Amino acid sequence: MSAPFQKKIKFFLEKGCEFRIGERTGAVLDVRKEGCVVYWNEWQDPETGECHPAIPGLLQHETIALENDYGKLVVLSRPLAPKRERSAVGREHRTTREITRMQVKKAYVGVITEKIAAGEMRDVRSDFIAHQRDISVEGRKRHQEMINASSPDARRRSMARRKDRSEVSTFEYEYPDEKGRTFFNWFRDAKTGGDDPLFDSYRNCGGAPRYSEEVEGLVHKVINVRLDKERPPIGSIISSVMAAFHVENKRRLQQRIPQDTLPVPGPAYIRNQLASISPIEYRIRGRGKEVAYKDMHTLGVGITTSRALERVEIDEYTVDLSVLMNDAKLFDLLTASERRAIGLDGSPLRVTLSAAIDVHTRCILAMQIVPDGTADPLLQTLEMIYTDKTEISDAIGCKFDWRESGAPEEVVLDRGPKYVTAEAYAILATLGITNLGAPAGKPWLKPFIERIFKTIHTDFLARWSGRTFSNVVEKGENDPAARATLGLDNFLFWLVRWVVDAYHNHQHSALGMTPRRAWDLAFKECEPRSISSAEMRLAFGTRTSRKVGRKGVRIMHIDYQIDEVARSYLSQGLSEVEVLRWPGDIGTISIREGAGEWITVSAADERWIGKSDLDLRAWLASRNYADPKAHDARMQAIYDIDQESYRLKNLCGLISSPRSEEDLLKTEASFMRHMDTAERRHEFGAYDEVLSNPVTPDAAPGSAKAVSDFSSDIADDETQIDDLMD
């Protein structure tokens with residue numbers, strides 16, 4: 001009994017079998033349990049040139065099976081298979097055209113065999129000549145029956161192929177008008193050798209050169225001169241070759257001893273010589289090495305992935321469409337500065353998109369407009385990759401959710417100036433993302449994102465008016481700005497609809513399924529990882545500073561408060577902190593004092609827990625809404641209340657009556673009596689102190705006369721002052 005999980009060994013070779021593995025050939029001498037005893041023929045290593053002698057050896061069955069899996073094992077002959085001459089070509093090596101031509105002859109041979117068996121003709125040449133008409137008609141009919149029996153749709157496909165003679169030859173159904181002696185030779189060959197003699201030798205034709213090496217050399221000399229980056233048409237090159245032969249023959253005839261002239265090749269020969277140039281050399285001469293490498297460099301297995309978000313490609317694309325930069329309801333939640341950054345001025349412009357695609361599932365993970373002057377579009381695109389975009393698809397009204405999101409493992413992006421920033425690299429390192437930078441101008445290094453841009457160009461943008469086209473020739477007389485009919489809001493609306501409902505549900509040829517189906521299967525096999533809100537804040541959050549009050553920290557009309565903040569405010573006098581806020585989750589923020597550690601603070605009002613900045617903007621927009629009818633009712637109510645209050649107060653004597661003009665003048669003079677200004681001081685002049693005047697005998701201090709004079713001065717004032725100290 002075999003051990004569990006033991007792989008069953010297959011025996012591919014047998015005793016007496018001749019085979020080839022790579023460049024080595026050999027024969028099997030014996031088959032044993034551990035392997036095959038083989039005799040290796042003498043061979044030369046093509047890489048090193050070393051000659052190896054003929055030696056015996058043991059070839060294990062596992063090694064033979066492995067070489068068979070990689071297609072290196074070639075069986076040259078089996079001991080029970082019929083022997084064939086070395087020069088003979090086996091049927092398995094024949095082309096489809098050769099087999100078809102043989103089957104045409106075999107149909108005629110079958111008709112002849114039936115006629116001889118029925119006694120309608122004899123196996124002599126004269127009878128073949130006498131019945132050649134019947135053999136020809138019935139042979140064609142027999143071959144058509146063979147075609148119809150092999151495939152019911154073969155006839156229809158064959159007629160379709162006959163219409164395009166440039167790709168498939170029509171020899172398959174153009175039957176030869178042969179003579180009786182030809183039918184006799186076919187029958188005799190098939191009778192003695194079977195099907196092999198019925199194969200023709202067309203494969204051996206065309207070996208001899210049509211022109212001499214001198215003629216061929218002159219043709220290639222002219223081709224080498226004319227074939228350059230100017231990419232001359234083939235007709236021009238043919239004319240140059242003809243002119244070169246004309247001049248050369250003229251020179252030969254003008255020699256003292258005239259020389260033989262060269263035969264002038266025809267256009268077909270020159271075209272064949274152009275076609276004989278290797279494609280890579282032809283492309284390098286006409287396009288340059290860089291373009292030739294981009295278009296023709298060989299590919300192996302290519303980029304392989306085993307799970308979703310294993311490899312994500314990011315790039316920018318300027319859409320080939322003029323879009324009206326107008327304002328609409330879609331931008332109601334944007335601030336004035338955000339509207340100016342986007343450029344909503346009503347002019348027709350081409351917008352630039354920043355997009356990201358998952359290579360494994362071909363799902364679009366991010367797509368957004370990049371306004372001119374955006375410093376770090378990579379950060380915004382990465383943030384969109386991480387976030388669930390269901391709110392966007394729901395707001396647009398898509399039939400399906402845009403839920404494809406998660407943490408990428410590897411990101412491929414351009415080495416453009418917008419992506420080569422220290423902050424971008426720091427964010428990628430913080431998130432644990434492998435950064436693969438593709439050199440600028442080499443789009444084949446990130447082919448998947450380039451392919452989705454082409455799909456947008458050919459499938460989505462081609463449906464709208466205002467296309468700018470790729471060059472002046474394609475543009476023609478078309479004025480994209482004048483034909484622009486799609487506003488920015490409608491452009492974004494239909495772009496999201498196309499991504500979520502159209503592209504993600506389209507059968508992808510490389511996947512064999514839709515991108516949405518591929519994402520679901522990948523999600524079940526290996527669920528993509530996500531990161532916490534705190535990590536998102538550290539990576540994509542906005543930093544600012546805020547004052548700390550009794551209600552905590554207030555940002556965008558929301559108070560954030562926890563016990564630690566309240567304790568620091570009361571005991572340590574915490575007054576200002578640095579704040580880190582991420583719009584994707586406004587239920588919590590991070591704060592720190594100075595260079596301390598970040599502390600997570602939640603919103604005091606639990607209704608904001610788990611909400612985003614879009615929810616806050618919608619709430620602010622609804623709160624700031626002013627109903628015109630309500631405003632009119634409020635103003636009318638305030639006016640009516642004031643009128644009724646004044647009437648009631650007047651009836652009760654609570655309202656003082658207005659003063660006369662004379663009373664107002666006296667009141668003003670009284671209020672202005674003690675006002676001290678520079679003008680008054682100038683008009684008053686210098687003043688003396690009260691006690692600076694000399695005391696006369698008649699008015700000694702404390703006497704009745706002195707007191708009387710001082711009192712009279714006071715009495716002269718218009719306004720009586722009770723207290724001199726006041």
# chains A, B, ... in the order shown; residues from 1 in each chain; ligands from 1
call {"tool": "residues_around", "arguments": {"residues": "segment 50-64 of chain A", "least_positions_apart": "2", "cutoff": "8 Å", "atoms": "only C-alpha atoms", "output": "NGL selection string"}}
result
:A and (9-12 or 34-46 or 48 or 66-68 or 73)
call {"tool": "write_last_selection", "arguments": {"atoms": "N, CA, C and O atoms", "output": "compact mmCIF listing (two decimals), in the first residue's frame"}}
result
# COMPACT_ATOMS: atom_id res chain seq x y z
N ILE A 9 3.91 8.04 -9.78
CA ILE A 9 4.93 8.27 -10.82
C ILE A 9 4.43 7.69 -12.14
O ILE A 9 3.96 6.56 -12.20
N LYS A 10 4.56 8.48 -13.19
CA LYS A 10 4.20 8.03 -14.53
C LYS A 10 5.47 7.67 -15.30
O LYS A 10 6.48 8.35 -15.19
N PHE A 11 5.38 6.58 -16.07
CA PHE A 11 6.50 6.16 -16.90
C PHE A 11 6.25 6.66 -18.32
O PHE A 11 5.37 6.16 -19.02
N PHE A 12 7.04 7.66 -18.73
CA PHE A 12 6.86 8.25 -20.05
C PHE A 12 7.69 7.57 -21.13
O PHE A 12 7.38 7.68 -22.31
N GLU A 34 13.73 2.56 -10.13
CA GLU A 34 14.28 3.86 -9.75
C GLU A 34 14.43 4.81 -10.92
O GLU A 34 14.63 6.01 -10.72
N GLY A 35 14.38 4.31 -12.16
CA GLY A 35 14.52 5.18 -13.31
C GLY A 35 14.82 4.41 -14.58
O GLY A 35 14.69 3.17 -14.63
N CYS A 36 15.23 5.14 -15.61
CA CYS A 36 15.54 4.55 -16.91
C CYS A 36 17.05 4.57 -17.12
O CYS A 36 17.71 5.60 -16.90
N VAL A 37 17.58 3.41 -17.54
CA VAL A 37 18.97 3.33 -17.94
C VAL A 37 19.05 3.80 -19.39
O VAL A 37 18.45 3.18 -20.28
N VAL A 38 19.75 4.90 -19.63
CA VAL A 38 19.78 5.51 -20.95
C VAL A 38 21.22 5.56 -21.45
O VAL A 38 22.19 5.48 -20.67
N TYR A 39 21.34 5.68 -22.75
CA TYR A 39 22.64 5.86 -23.39
C TYR A 39 22.59 7.21 -24.10
O TYR A 39 21.87 7.40 -25.08
N TRP A 40 23.36 8.17 -23.54
CA TRP A 40 23.38 9.52 -24.08
C TRP A 40 24.30 9.58 -25.28
O TRP A 40 25.45 9.13 -25.23
N ASN A 41 23.80 10.16 -26.36
CA ASN A 41 24.62 10.34 -27.54
C ASN A 41 25.59 11.51 -27.34
O ASN A 41 25.42 12.36 -26.46
N GLU A 42 26.60 11.55 -28.15
CA GLU A 42 27.54 12.65 -28.11
C GLU A 42 26.83 13.95 -28.49
O GLU A 42 26.07 14.00 -29.45
N TRP A 43 27.12 15.00 -27.74
CA TRP A 43 26.45 16.27 -28.00
C TRP A 43 27.36 17.43 -27.61
O TRP A 43 28.33 17.27 -26.87
N GLN A 44 27.05 18.60 -28.15
CA GLN A 44 27.84 19.81 -27.91
C GLN A 44 26.96 20.86 -27.23
O GLN A 44 25.86 21.16 -27.68
N ASP A 45 27.47 21.40 -26.14
CA ASP A 45 26.74 22.43 -25.40
C ASP A 45 26.72 23.72 -26.23
O ASP A 45 27.79 24.27 -26.54
N PRO A 46 25.53 24.22 -26.63
CA PRO A 46 25.49 25.42 -27.49
C PRO A 46 25.97 26.68 -26.78
O PRO A 46 26.38 27.64 -27.42
N THR A 48 28.45 26.85 -24.15
CA THR A 48 29.89 26.84 -23.86
C THR A 48 30.71 26.27 -25.01
O THR A 48 31.92 26.50 -25.07
N LEU A 66 9.36 15.83 -14.59
CA LEU A 66 9.55 17.27 -14.48
C LEU A 66 9.89 17.88 -15.84
O LEU A 66 9.35 18.94 -16.20
N GLU A 67 10.76 17.24 -16.60
CA GLU A 67 11.08 17.75 -17.93
C GLU A 67 9.86 17.71 -18.84
O GLU A 67 9.68 18.59 -19.70
N ASN A 68 9.01 16.70 -18.64
CA ASN A 68 7.78 16.63 -19.44
C ASN A 68 6.83 17.78 -19.08
O ASN A 68 6.18 18.35 -19.97
N LEU A 73 10.80 17.38 -22.79
CA LEU A 73 10.91 15.99 -23.21
C LEU A 73 10.27 15.82 -24.58
O LEU A 73 9.09 16.13 -24.76
call {"tool": "residues_around", "arguments": {"residues": "segment 350-364 of chain A", "least_positions_apart": "3", "cutoff": "7 Å", "atoms": "only C-alpha atoms", "output": "NGL selection string"}}
result
:A and (305-309 or 311-323 or 367-370 or 381 or 448-449 or 504 or 515-516 or 518-519)
call {"tool": "atom_distance", "arguments": {"atom1": "atom CA of Ser530 of chain A", "atom2": "atom CA of Asp376 of chain A"}}
result
22.3 Å
call {"tool": "select_by_dssp", "arguments": {"residues": "segment 462-608 of chain A", "states": "strand (DSSP E)", "output": "MDAnalysis selection string"}}
result
chainID A and resid 542:549 552:555 558:560 576:581 588:592 599:602
call {"tool": "residues_around", "arguments": {"residues": "Phe128 of chain A", "least_positions_apart": "3", "cutoff": "12 Å", "atoms": "only C-alpha atoms", "output": "NGL selection string"}}
result
:A and (108-109 or 111-113 or 115-116 or 120-125 or 131-136 or 178-188)
call {"tool": "write_last_selection", "arguments": {"atoms": "N, CA and C atoms", "output": "PDB file, in the first residue's frame"}}
result
ATOM      1  N   TYR A 108     -10.425  11.954 -54.275  1.00  0.00           N
ATOM      2  CA  TYR A 108     -10.414  11.402 -55.633  1.00  0.00           C
ATOM      3  C   TYR A 108     -10.041   9.920 -55.613  1.00  0.00           C
ATOM      4  N   VAL A 109      -9.040   9.561 -54.780  1.00  0.00           N
ATOM      5  CA  VAL A 109      -8.621   8.161 -54.693  1.00  0.00           C
ATOM      6  C   VAL A 109      -9.763   7.292 -54.171  1.00  0.00           C
ATOM      7  N   VAL A 111     -12.997   7.803 -54.589  1.00  0.00           N
ATOM      8  CA  VAL A 111     -13.966   7.630 -55.677  1.00  0.00           C
ATOM      9  C   VAL A 111     -13.460   6.581 -56.670  1.00  0.00           C
ATOM     10  N   ILE A 112     -12.187   6.647 -57.003  1.00  0.00           N
ATOM     11  CA  ILE A 112     -11.618   5.678 -57.949  1.00  0.00           C
ATOM     12  C   ILE A 112     -11.687   4.266 -57.382  1.00  0.00           C
ATOM     13  N   THR A 113     -11.382   4.110 -56.088  1.00  0.00           N
ATOM     14  CA  THR A 113     -11.420   2.785 -55.465  1.00  0.00           C
ATOM     15  C   THR A 113     -12.821   2.196 -55.526  1.00  0.00           C
ATOM     16  N   LYS A 115     -15.195   2.895 -57.718  1.00  0.00           N
ATOM     17  CA  LYS A 115     -15.536   2.570 -59.111  1.00  0.00           C
ATOM     18  C   LYS A 115     -14.879   1.264 -59.562  1.00  0.00           C
ATOM     19  N   ILE A 116     -13.634   1.042 -59.161  1.00  0.00           N
ATOM     20  CA  ILE A 116     -12.958  -0.210 -59.530  1.00  0.00           C
ATOM     21  C   ILE A 116     -13.620  -1.388 -58.843  1.00  0.00           C
ATOM     22  N   GLU A 120     -16.937  -0.522 -62.581  1.00  0.00           N
ATOM     23  CA  GLU A 120     -17.214   0.520 -63.568  1.00  0.00           C
ATOM     24  C   GLU A 120     -15.973   0.884 -64.372  1.00  0.00           C
ATOM     25  N   MET A 121     -14.787   0.580 -63.848  1.00  0.00           N
ATOM     26  CA  MET A 121     -13.552   0.875 -64.566  1.00  0.00           C
ATOM     27  C   MET A 121     -12.467  -0.089 -64.094  1.00  0.00           C
ATOM     28  N   ARG A 122     -11.402  -0.172 -64.876  1.00  0.00           N
ATOM     29  CA  ARG A 122     -10.300  -1.055 -64.545  1.00  0.00           C
ATOM     30  C   ARG A 122      -9.107  -0.242 -64.058  1.00  0.00           C
ATOM     31  N   ASP A 123      -8.143  -0.949 -63.473  1.00  0.00           N
ATOM     32  CA  ASP A 123      -6.936  -0.319 -62.952  1.00  0.00           C
ATOM     33  C   ASP A 123      -5.914  -0.185 -64.065  1.00  0.00           C
ATOM     34  N   VAL A 124      -6.315   0.518 -65.080  1.00  0.00           N
ATOM     35  CA  VAL A 124      -5.416   0.787 -66.205  1.00  0.00           C
ATOM     36  C   VAL A 124      -5.530   2.265 -66.554  1.00  0.00           C
ATOM     37  N   ARG A 125      -4.463   2.820 -67.145  1.00  0.00           N
ATOM     38  CA  ARG A 125      -4.412   4.253 -67.408  1.00  0.00           C
ATOM     39  C   ARG A 125      -5.473   4.688 -68.408  1.00  0.00           C
ATOM     40  N   HIS A 131     -12.620   8.027 -67.884  1.00  0.00           N
ATOM     41  CA  HIS A 131     -13.570   8.425 -66.825  1.00  0.00           C
ATOM     42  C   HIS A 131     -13.092   9.652 -66.034  1.00  0.00           C
ATOM     43  N   GLN A 132     -12.173  10.436 -66.603  1.00  0.00           N
ATOM     44  CA  GLN A 132     -11.618  11.549 -65.834  1.00  0.00           C
ATOM     45  C   GLN A 132     -12.672  12.590 -65.469  1.00  0.00           C
ATOM     46  N   ARG A 133     -13.679  12.791 -66.325  1.00  0.00           N
ATOM     47  CA  ARG A 133     -14.722  13.765 -66.021  1.00  0.00           C
ATOM     48  C   ARG A 133     -15.545  13.323 -64.830  1.00  0.00           C
ATOM     49  N   ASP A 134     -15.963  12.063 -64.805  1.00  0.00           N
ATOM     50  CA  ASP A 134     -16.760  11.559 -63.676  1.00  0.00           C
ATOM     51  C   ASP A 134     -15.951  11.563 -62.382  1.00  0.00           C
ATOM     52  N   ILE A 135     -14.672  11.180 -62.487  1.00  0.00           N
ATOM     53  CA  ILE A 135     -13.834  11.159 -61.279  1.00  0.00           C
ATOM     54  C   ILE A 135     -13.690  12.567 -60.706  1.00  0.00           C
ATOM     55  N   SER A 136     -13.537  13.564 -61.582  1.00  0.00           N
ATOM     56  CA  SER A 136     -13.365  14.945 -61.117  1.00  0.00           C
ATOM     57  C   SER A 136     -14.607  15.452 -60.404  1.00  0.00           C
ATOM     58  N   GLU A 178      -7.658  18.244 -63.117  1.00  0.00           N
ATOM     59  CA  GLU A 178      -6.608  17.307 -63.463  1.00  0.00           C
ATOM     60  C   GLU A 178      -7.045  16.371 -64.596  1.00  0.00           C
ATOM     61  N   LYS A 179      -6.055  15.744 -65.166  1.00  0.00           N
ATOM     62  CA  LYS A 179      -6.281  14.778 -66.235  1.00  0.00           C
ATOM     63  C   LYS A 179      -6.328  13.362 -65.677  1.00  0.00           C
ATOM     64  N   GLY A 180      -6.709  12.425 -66.540  1.00  0.00           N
ATOM     65  CA  GLY A 180      -6.842  11.050 -66.105  1.00  0.00           C
ATOM     66  C   GLY A 180      -5.529  10.434 -65.676  1.00  0.00           C
ATOM     67  N   ARG A 181      -4.420  10.787 -66.335  1.00  0.00           N
ATOM     68  CA  ARG A 181      -3.135  10.200 -65.958  1.00  0.00           C
ATOM     69  C   ARG A 181      -2.690  10.674 -64.571  1.00  0.00           C
ATOM     70  N   THR A 182      -3.091  11.915 -64.180  1.00  0.00           N
ATOM     71  CA  THR A 182      -2.764  12.390 -62.832  1.00  0.00           C
ATOM     72  C   THR A 182      -3.537  11.602 -61.785  1.00  0.00           C
ATOM     73  N   PHE A 183      -4.818  11.320 -62.062  1.00  0.00           N
ATOM     74  CA  PHE A 183      -5.601  10.500 -61.136  1.00  0.00           C
ATOM     75  C   PHE A 183      -4.994   9.105 -61.019  1.00  0.00           C
ATOM     76  N   PHE A 184      -4.486   8.568 -62.143  1.00  0.00           N
ATOM     77  CA  PHE A 184      -3.864   7.245 -62.130  1.00  0.00           C
ATOM     78  C   PHE A 184      -2.622   7.243 -61.242  1.00  0.00           C
ATOM     79  N   ASN A 185      -1.791   8.299 -61.324  1.00  0.00           N
ATOM     80  CA  ASN A 185      -0.592   8.374 -60.487  1.00  0.00           C
ATOM     81  C   ASN A 185      -0.956   8.492 -59.016  1.00  0.00           C
ATOM     82  N   TRP A 186      -1.987   9.282 -58.693  1.00  0.00           N
ATOM     83  CA  TRP A 186      -2.415   9.393 -57.299  1.00  0.00           C
ATOM     84  C   TRP A 186      -2.880   8.039 -56.762  1.00  0.00           C
ATOM     85  N   PHE A 187      -3.678   7.338 -57.549  1.00  0.00           N
ATOM     86  CA  PHE A 187      -4.205   6.044 -57.112  1.00  0.00           C
ATOM     87  C   PHE A 187      -3.068   5.041 -56.927  1.00  0.00           C
ATOM     88  N   ARG A 188      -2.117   5.032 -57.821  1.00  0.00           N
ATOM     89  CA  ARG A 188      -1.005   4.089 -57.718  1.00  0.00           C
ATOM     90  C   ARG A 188      -0.144   4.389 -56.493  1.00  0.00           C
TER      91      ARG A 188
END
